[in-house]
Amino acid sequence: MNRVSYIGPKRRFFQWLLAIVWIGIPFIRSDGRSLVQFDLPNLAFYFGGALFRIEEMHLFWLLVLATLFLFLFLTMALGRIWCGWACPQTAFTDLAEGFARLIGMRVGNHGIKGNLYQQGALHLLYLLIALLAGFSFVWYFVPPDEFFGRLAAASPGFWPLGTGLLLAAVVLVDLVFLRRLFCREFCPYGRFQTVIADSATLTIRALPGELERCLDCAACLRACPMGIDIRDGFQIECINCARCIDACRRVMARQGQKGIIAYTFGTGGRGWRVLLNQRLMLIGLLFLILAAGLAYNVSHRTPVSLKLQRAPALPARLLDDGWSLTFFTVHLRNLSEMPLPLRIVAAEIGGKELLLKGPDNLTLRGDGKKSFRLGVVAGNPPPGAKGEIIFTVYAGTRKITESRAYITHVEEE
């Protein structure tokens with residue numbers, strides 16, 4: 001008899017892997033910082049040692065849009081696989097129920113029963129899970145070494161401590177009072193998934209033509225954490241956890257037969273090929289375009305932000321040789337953490353370099369910014385016309401960034 005393959009161990013391994021990755025990322029250091037860190041006071045985000053500032057918000061929106069389309073694609077293709085395999089709600093509840101069984105408690109769809117000592121041990125586990133969930137989130141904003149240092153000095157800070165405790169309280173209430181009830185009655189994702197699912201979406205069902213082999217043992221029903229009978233067809237409460245598949249395989253293996261419940265893409269028996277439909281492929285294509293755009297912009301991001309505006313307190317004036325002198329306020333910001341020696345060049349369209357009056361050579365410290373006035377000597381445009389100027393910032397001979405500005409006609413006094 002062939003060896004039976006069970007899905008449960010793979011699902012539990014995946015859940016533990018995700019938990020280790022989520023908790024472990026803030027502990028991994030890159031260039032002296034956590035691998036992923038949000039710096040709210042400075043409106044910055046660190047990823048793999050690279051610094052991203054609020055000035056690069058377009059990258060954030062590209063990431064949000066790419067993530068949204070990936071979410072839509074995976075939901076349309078895999079249904080509620082997130083709920084059964086990756087959702088923290090499911091993982092926390094699975095851990096609590098597994099611990100309850102380990103210490104001899106009775107676990108059912110309507111609650112976990114046990115004596116006072118068992119209940120006390122279970123609620124202690126609830127508290128530990130809640131605290132770890134709450135403060136692992138905080139560690140993405142306050143790195144663990146800094147957080148524990150503050151905690152040891154009895155000055156953790158109001159918002160890190162308050163945020164961690166608030167999130168822990170939410171998780172604790174969920175574990176004590178809701179657990180599977182949240183998935184069954186309140187989870188918005190389950191309702192949303194039913195709206196965008198189509199005939200190609202991955203579901204769990206009793207295979208057509210196989211139900212006559214059913215022994216009516218109800219093992220699948222007893223194994224289902226949501227309390228549904230998968231033999232009745234697709235139901236919104238199903239979280240694609242595959243416990244019913246394993247239960248059926250276990251029973252049928254004793255009869256020398258294969259299970260009658262399985263994951264299937266769609267209902268036509270075409271397998272994964274049913275995913276090759278226009279709607280799913282269009283969403284996948286949009287995701288790839290956005291992901292490629294994000295990768296391109298990140299790889300070509302400039303380390304310096306340059307913004308220009310006319311200096312209102314210093315009106316432009318006409319020089320004796322007929323040229324005009326126009327003043328601009330220059331705002332420079334070093335988006336990297338390394339000091340940069342910078343040179344500013346202004347030129348007309350066509351490449352003729354213009355004379356600058358002011359600090360056109362400077363060194364900008366890492367993560368530093370500077371604002372100053374800079375005068376540009378250029379040809380006086382005709383009345384009613386605008387002259388376009390290109391300001392370019394160089395670091396040595398390397399072009400860093402550029403910005404366009406305009407000068408207007410100056411009347412002779």
# chains A, B, ... in the order shown; residues from 1 in each chain; ligands from 1
>>> select_by_dssp(residues="stretch 257-333 of chain A", states="strand (DSSP E)", output="list in words")
Ile261, Ala262, Tyr263, Thr264, Phe265, Val304, Ser305, Leu306, Lys307, Leu308, Gln309, Arg310, Arg317, Leu318, Trp323, Ser324, Leu325, Thr326, Phe327, Phe328, Thr329, Val330, His331, Leu332 and Arg333 of chain A
>>> residues_around(residues="A:Leu165", least_positions_apart="2", cutoff="8 Å", atoms="only C-alpha atoms", output="compact mmCIF listing (two decimals) with C-alpha atoms, in the first residue's frame")
# COMPACT_ATOMS: atom_id res chain seq x y z
CA LEU A 131 2.53 39.90 24.38
CA GLY A 134 1.96 42.96 20.29
CA PHE A 135 5.62 43.74 20.87
CA LEU A 161 4.84 50.39 25.51
CA GLY A 162 1.28 51.59 24.98
CA THR A 163 1.08 50.28 21.40
CA LEU A 167 -2.18 45.15 20.50
CA ALA A 168 -1.55 42.45 23.12
CA ALA A 169 -4.91 43.22 24.71
>>> atom_distance(atom1="atom CA of A:Leu207", atom2="atom CA of A:Ile261")
5.8 Å
>>> residues_around(residues="stretch 178-190 of chain A", least_positions_apart="4", cutoff="8 Å", atoms="only C-alpha atoms", output="JSON, numbers by chain")
{"A": [80, 89, 90, 93, 109, 173, 174, 194, 225, 226, 236, 237]}
>>> write_last_selection(atoms="N, CA and C atoms", output="CSV table (one decimal), in the first residue's frame")
chain,number,residue,atom,x,y,z
A,80,ARG,N,-9.1,31.1,0.0
A,80,ARG,CA,-8.8,31.4,1.4
A,80,ARG,C,-7.6,30.6,2.0
A,89,GLN,N,-4.3,34.9,13.0
A,89,GLN,CA,-5.5,34.4,13.7
A,89,GLN,C,-5.5,32.9,13.8
A,90,THR,N,-5.4,32.3,12.6
A,90,THR,CA,-5.4,30.8,12.6
A,90,THR,C,-4.2,30.2,13.3
A,93,THR,N,-4.6,30.4,17.1
A,93,THR,CA,-5.6,29.5,17.6
A,93,THR,C,-5.2,28.1,17.5
A,109,ASN,N,-15.6,22.7,18.7
A,109,ASN,CA,-16.0,23.9,18.0
A,109,ASN,C,-16.7,24.9,18.9
A,173,VAL,N,-8.0,39.3,24.0
A,173,VAL,CA,-9.5,39.2,23.9
A,173,VAL,C,-9.9,38.3,22.8
A,174,ASP,N,-9.2,38.3,21.7
A,174,ASP,CA,-9.6,37.4,20.6
A,174,ASP,C,-9.4,36.0,21.0
A,194,THR,N,-15.2,35.8,-1.4
A,194,THR,CA,-16.4,35.3,-2.1
A,194,THR,C,-16.8,36.2,-3.2
A,225,PRO,N,-12.2,22.7,11.8
A,225,PRO,CA,-12.2,23.7,12.9
A,225,PRO,C,-13.4,24.7,12.8
A,226,MET,N,-14.0,24.8,11.6
A,226,MET,CA,-15.1,25.7,11.4
A,226,MET,C,-16.5,25.0,11.6
A,236,ILE,N,-18.7,29.4,2.6
A,236,ILE,CA,-17.9,30.6,2.9
A,236,ILE,C,-17.0,30.4,4.1
A,237,GLU,N,-17.5,29.6,5.0
A,237,GLU,CA,-16.7,29.4,6.3
A,237,GLU,C,-15.4,28.6,6.1
>>> closest_residue(among="A:Ile289, A:Cys248, A:Leu340, A:Val376", to="A:Ala405", atoms="only C-alpha atoms")
A:Val376
>>> decode(residues="stretch 232-384 of chain A", atoms="C-alpha atoms", output="PDB file, in the first residue's frame")
ATOM      1  CA  ASP A 232     -22.263  19.598   1.240  1.00  0.00           C
ATOM      2  CA  GLY A 233     -20.193  21.640  -1.244  1.00  0.00           C
ATOM      3  CA  PHE A 234     -18.348  24.960  -1.039  1.00  0.00           C
ATOM      4  CA  GLN A 235     -19.147  27.079   2.015  1.00  0.00           C
ATOM      5  CA  ILE A 236     -17.926  30.556   2.855  1.00  0.00           C
ATOM      6  CA  GLU A 237     -16.691  29.429   6.285  1.00  0.00           C
ATOM      7  CA  CYS A 238     -14.109  27.027   4.778  1.00  0.00           C
ATOM      8  CA  ILE A 239     -10.575  28.345   5.421  1.00  0.00           C
ATOM      9  CA  ASN A 240      -8.754  25.860   3.142  1.00  0.00           C
ATOM     10  CA  CYS A 241      -6.804  24.378   6.070  1.00  0.00           C
ATOM     11  CA  ALA A 242      -7.018  20.802   4.655  1.00  0.00           C
ATOM     12  CA  ARG A 243      -7.784  19.120   7.977  1.00  0.00           C
ATOM     13  CA  CYS A 244     -10.748  17.382   6.337  1.00  0.00           C
ATOM     14  CA  ILE A 245      -8.470  16.118   3.561  1.00  0.00           C
ATOM     15  CA  ASP A 246      -6.087  14.538   6.079  1.00  0.00           C
ATOM     16  CA  ALA A 247      -8.947  13.075   8.127  1.00  0.00           C
ATOM     17  CA  CYS A 248     -10.473  11.462   5.045  1.00  0.00           C
ATOM     18  CA  ARG A 249      -7.112  10.130   3.847  1.00  0.00           C
ATOM     19  CA  ARG A 250      -6.446   8.634   7.268  1.00  0.00           C
ATOM     20  CA  VAL A 251      -9.752   6.755   7.332  1.00  0.00           C
ATOM     21  CA  MET A 252      -9.693   5.650   3.702  1.00  0.00           C
ATOM     22  CA  ALA A 253      -6.077   4.457   4.005  1.00  0.00           C
ATOM     23  CA  ARG A 254      -7.292   1.760   6.390  1.00  0.00           C
ATOM     24  CA  GLN A 255      -9.509   0.553   3.542  1.00  0.00           C
ATOM     25  CA  GLY A 256      -6.619   0.641   1.095  1.00  0.00           C
ATOM     26  CA  GLN A 257      -8.249   3.502  -0.800  1.00  0.00           C
ATOM     27  CA  LYS A 258      -7.507   7.123  -1.591  1.00  0.00           C
ATOM     28  CA  GLY A 259      -9.373   9.948   0.124  1.00  0.00           C
ATOM     29  CA  ILE A 260     -12.370  11.484  -1.568  1.00  0.00           C
ATOM     30  CA  ILE A 261     -11.657  15.118  -0.503  1.00  0.00           C
ATOM     31  CA  ALA A 262      -9.002  17.248  -2.192  1.00  0.00           C
ATOM     32  CA  TYR A 263      -7.873  20.715  -3.256  1.00  0.00           C
ATOM     33  CA  THR A 264      -9.174  21.524  -6.746  1.00  0.00           C
ATOM     34  CA  PHE A 265      -8.874  24.503  -9.079  1.00  0.00           C
ATOM     35  CA  GLY A 266     -12.383  25.197 -10.283  1.00  0.00           C
ATOM     36  CA  THR A 267     -15.052  22.586 -10.820  1.00  0.00           C
ATOM     37  CA  GLY A 268     -14.367  21.349 -14.348  1.00  0.00           C
ATOM     38  CA  GLY A 269     -11.552  18.946 -13.578  1.00  0.00           C
ATOM     39  CA  ARG A 270      -9.032  20.843 -15.762  1.00  0.00           C
ATOM     40  CA  GLY A 271      -6.501  21.265 -12.949  1.00  0.00           C
ATOM     41  CA  TRP A 272      -4.223  24.309 -12.804  1.00  0.00           C
ATOM     42  CA  ARG A 273      -4.873  25.101 -16.484  1.00  0.00           C
ATOM     43  CA  VAL A 274      -8.161  26.678 -15.438  1.00  0.00           C
ATOM     44  CA  LEU A 275      -6.055  29.555 -14.032  1.00  0.00           C
ATOM     45  CA  LEU A 276      -5.183  30.581 -17.589  1.00  0.00           C
ATOM     46  CA  ASN A 277      -8.200  32.849 -17.912  1.00  0.00           C
ATOM     47  CA  GLN A 278      -8.284  36.446 -19.067  1.00  0.00           C
ATOM     48  CA  ARG A 279      -9.230  38.071 -15.763  1.00  0.00           C
ATOM     49  CA  LEU A 280      -6.539  36.340 -13.730  1.00  0.00           C
ATOM     50  CA  MET A 281      -3.855  36.841 -16.368  1.00  0.00           C
ATOM     51  CA  LEU A 282      -4.694  40.559 -16.667  1.00  0.00           C
ATOM     52  CA  ILE A 283      -4.331  41.069 -12.910  1.00  0.00           C
ATOM     53  CA  GLY A 284      -1.096  39.077 -12.949  1.00  0.00           C
ATOM     54  CA  LEU A 285       0.230  41.221 -15.803  1.00  0.00           C
ATOM     55  CA  LEU A 286      -0.632  44.452 -13.946  1.00  0.00           C
ATOM     56  CA  PHE A 287       1.207  43.146 -10.894  1.00  0.00           C
ATOM     57  CA  LEU A 288       4.306  42.323 -12.962  1.00  0.00           C
ATOM     58  CA  ILE A 289       4.266  45.801 -14.562  1.00  0.00           C
ATOM     59  CA  LEU A 290       3.997  47.502 -11.163  1.00  0.00           C
ATOM     60  CA  ALA A 291       6.663  45.247  -9.646  1.00  0.00           C
ATOM     61  CA  ALA A 292       9.001  45.964 -12.574  1.00  0.00           C
ATOM     62  CA  GLY A 293       8.335  49.705 -12.211  1.00  0.00           C
ATOM     63  CA  LEU A 294       9.106  49.525  -8.507  1.00  0.00           C
ATOM     64  CA  ALA A 295      12.326  47.569  -9.113  1.00  0.00           C
ATOM     65  CA  TYR A 296      13.413  50.051 -11.789  1.00  0.00           C
ATOM     66  CA  ASN A 297      12.714  53.101  -9.634  1.00  0.00           C
ATOM     67  CA  VAL A 298      14.483  51.606  -6.615  1.00  0.00           C
ATOM     68  CA  SER A 299      17.550  50.690  -8.678  1.00  0.00           C
ATOM     69  CA  HIS A 300      17.629  54.191 -10.243  1.00  0.00           C
ATOM     70  CA  ARG A 301      16.716  56.170  -7.140  1.00  0.00           C
ATOM     71  CA  THR A 302      18.663  59.360  -6.537  1.00  0.00           C
ATOM     72  CA  PRO A 303      20.491  59.864  -3.218  1.00  0.00           C
ATOM     73  CA  VAL A 304      19.713  63.610  -3.240  1.00  0.00           C
ATOM     74  CA  SER A 305      16.401  65.455  -3.312  1.00  0.00           C
ATOM     75  CA  LEU A 306      16.389  68.829  -5.127  1.00  0.00           C
ATOM     76  CA  LYS A 307      13.542  71.347  -4.939  1.00  0.00           C
ATOM     77  CA  LEU A 308      13.517  74.894  -6.372  1.00  0.00           C
ATOM     78  CA  GLN A 309      11.314  77.933  -5.899  1.00  0.00           C
ATOM     79  CA  ARG A 310      11.610  81.595  -6.791  1.00  0.00           C
ATOM     80  CA  ALA A 311      12.819  83.736  -3.901  1.00  0.00           C
ATOM     81  CA  PRO A 312       9.913  86.175  -3.365  1.00  0.00           C
ATOM     82  CA  ALA A 313      11.916  88.557  -1.164  1.00  0.00           C
ATOM     83  CA  LEU A 314      14.551  89.079  -3.886  1.00  0.00           C
ATOM     84  CA  PRO A 315      12.962  90.256  -7.143  1.00  0.00           C
ATOM     85  CA  ALA A 316      14.803  89.610 -10.391  1.00  0.00           C
ATOM     86  CA  ARG A 317      16.768  92.527 -11.788  1.00  0.00           C
ATOM     87  CA  LEU A 318      18.305  93.538 -15.094  1.00  0.00           C
ATOM     88  CA  LEU A 319      22.111  93.805 -15.256  1.00  0.00           C
ATOM     89  CA  ASP A 320      24.064  96.419 -17.190  1.00  0.00           C
ATOM     90  CA  ASP A 321      24.957  94.007 -19.996  1.00  0.00           C
ATOM     91  CA  GLY A 322      21.288  93.162 -20.644  1.00  0.00           C
ATOM     92  CA  TRP A 323      21.337  89.864 -18.782  1.00  0.00           C
ATOM     93  CA  SER A 324      18.991  89.208 -15.872  1.00  0.00           C
ATOM     94  CA  LEU A 325      19.763  88.018 -12.347  1.00  0.00           C
ATOM     95  CA  THR A 326      17.067  85.784 -10.860  1.00  0.00           C
ATOM     96  CA  PHE A 327      17.184  84.365  -7.342  1.00  0.00           C
ATOM     97  CA  PHE A 328      15.952  80.902  -6.373  1.00  0.00           C
ATOM     98  CA  THR A 329      15.626  79.188  -3.021  1.00  0.00           C
ATOM     99  CA  VAL A 330      17.322  75.812  -3.303  1.00  0.00           C
ATOM    100  CA  HIS A 331      16.292  72.940  -1.002  1.00  0.00           C
ATOM    101  CA  LEU A 332      18.711  70.007  -0.928  1.00  0.00           C
ATOM    102  CA  ARG A 333      18.347  66.847   1.107  1.00  0.00           C
ATOM    103  CA  ASN A 334      20.754  63.938   1.345  1.00  0.00           C
ATOM    104  CA  LEU A 335      18.565  60.824   1.256  1.00  0.00           C
ATOM    105  CA  SER A 336      21.513  58.572   2.047  1.00  0.00           C
ATOM    106  CA  GLU A 337      23.459  58.221   5.295  1.00  0.00           C
ATOM    107  CA  MET A 338      26.824  59.044   3.711  1.00  0.00           C
ATOM    108  CA  PRO A 339      28.202  62.621   3.376  1.00  0.00           C
ATOM    109  CA  LEU A 340      28.161  63.827  -0.230  1.00  0.00           C
ATOM    110  CA  PRO A 341      30.291  66.611  -1.808  1.00  0.00           C
ATOM    111  CA  LEU A 342      27.926  68.305  -4.254  1.00  0.00           C
ATOM    112  CA  ARG A 343      28.272  70.744  -7.142  1.00  0.00           C
ATOM    113  CA  ILE A 344      25.312  72.651  -8.649  1.00  0.00           C
ATOM    114  CA  VAL A 345      25.290  73.633 -12.309  1.00  0.00           C
ATOM    115  CA  ALA A 346      22.630  75.687 -14.095  1.00  0.00           C
ATOM    116  CA  ALA A 347      22.320  75.643 -17.876  1.00  0.00           C
ATOM    117  CA  GLU A 348      19.978  76.859 -20.571  1.00  0.00           C
ATOM    118  CA  ILE A 349      18.201  74.416 -22.845  1.00  0.00           C
ATOM    119  CA  GLY A 350      20.862  73.456 -25.318  1.00  0.00           C
ATOM    120  CA  GLY A 351      23.617  73.119 -22.752  1.00  0.00           C
ATOM    121  CA  LYS A 352      25.077  76.620 -22.274  1.00  0.00           C
ATOM    122  CA  GLU A 353      26.273  76.809 -18.655  1.00  0.00           C
ATOM    123  CA  LEU A 354      25.162  79.861 -16.674  1.00  0.00           C
ATOM    124  CA  LEU A 355      26.899  81.925 -14.021  1.00  0.00           C
ATOM    125  CA  LEU A 356      25.716  81.281 -10.462  1.00  0.00           C
ATOM    126  CA  LYS A 357      25.832  83.734  -7.571  1.00  0.00           C
ATOM    127  CA  GLY A 358      25.956  81.807  -4.301  1.00  0.00           C
ATOM    128  CA  PRO A 359      27.103  78.491  -2.792  1.00  0.00           C
ATOM    129  CA  ASP A 360      27.276  76.191  -5.819  1.00  0.00           C
ATOM    130  CA  ASN A 361      29.766  73.824  -4.127  1.00  0.00           C
ATOM    131  CA  LEU A 362      28.982  72.287  -0.742  1.00  0.00           C
ATOM    132  CA  THR A 363      29.155  69.082   1.266  1.00  0.00           C
ATOM    133  CA  LEU A 364      25.891  67.702   2.593  1.00  0.00           C
ATOM    134  CA  ARG A 365      26.186  65.432   5.607  1.00  0.00           C
ATOM    135  CA  GLY A 366      24.504  62.067   5.679  1.00  0.00           C
ATOM    136  CA  ASP A 367      20.770  62.355   6.222  1.00  0.00           C
ATOM    137  CA  GLY A 368      21.214  66.136   6.151  1.00  0.00           C
ATOM    138  CA  LYS A 369      19.378  68.967   4.428  1.00  0.00           C
ATOM    139  CA  LYS A 370      20.178  72.549   3.509  1.00  0.00           C
ATOM    140  CA  SER A 371      18.239  75.493   2.079  1.00  0.00           C
ATOM    141  CA  PHE A 372      19.908  78.572   0.587  1.00  0.00           C
ATOM    142  CA  ARG A 373      19.469  81.259  -2.074  1.00  0.00           C
ATOM    143  CA  LEU A 374      21.209  81.010  -5.408  1.00  0.00           C
ATOM    144  CA  GLY A 375      21.276  83.671  -8.111  1.00  0.00           C
ATOM    145  CA  VAL A 376      21.326  82.780 -11.817  1.00  0.00           C
ATOM    146  CA  VAL A 377      22.658  85.114 -14.491  1.00  0.00           C
ATOM    147  CA  ALA A 378      20.838  84.358 -17.750  1.00  0.00           C
ATOM    148  CA  GLY A 379      19.631  85.995 -20.925  1.00  0.00           C
ATOM    149  CA  ASN A 380      16.569  88.192 -20.415  1.00  0.00           C
ATOM    150  CA  PRO A 381      13.585  86.491 -22.118  1.00  0.00           C
ATOM    151  CA  PRO A 382      11.344  88.550 -24.434  1.00  0.00           C
ATOM    152  CA  PRO A 383       8.233  90.176 -22.873  1.00  0.00           C
ATOM    153  CA  GLY A 384       5.574  87.571 -22.115  1.00  0.00           C
TER     154      GLY A 384
END
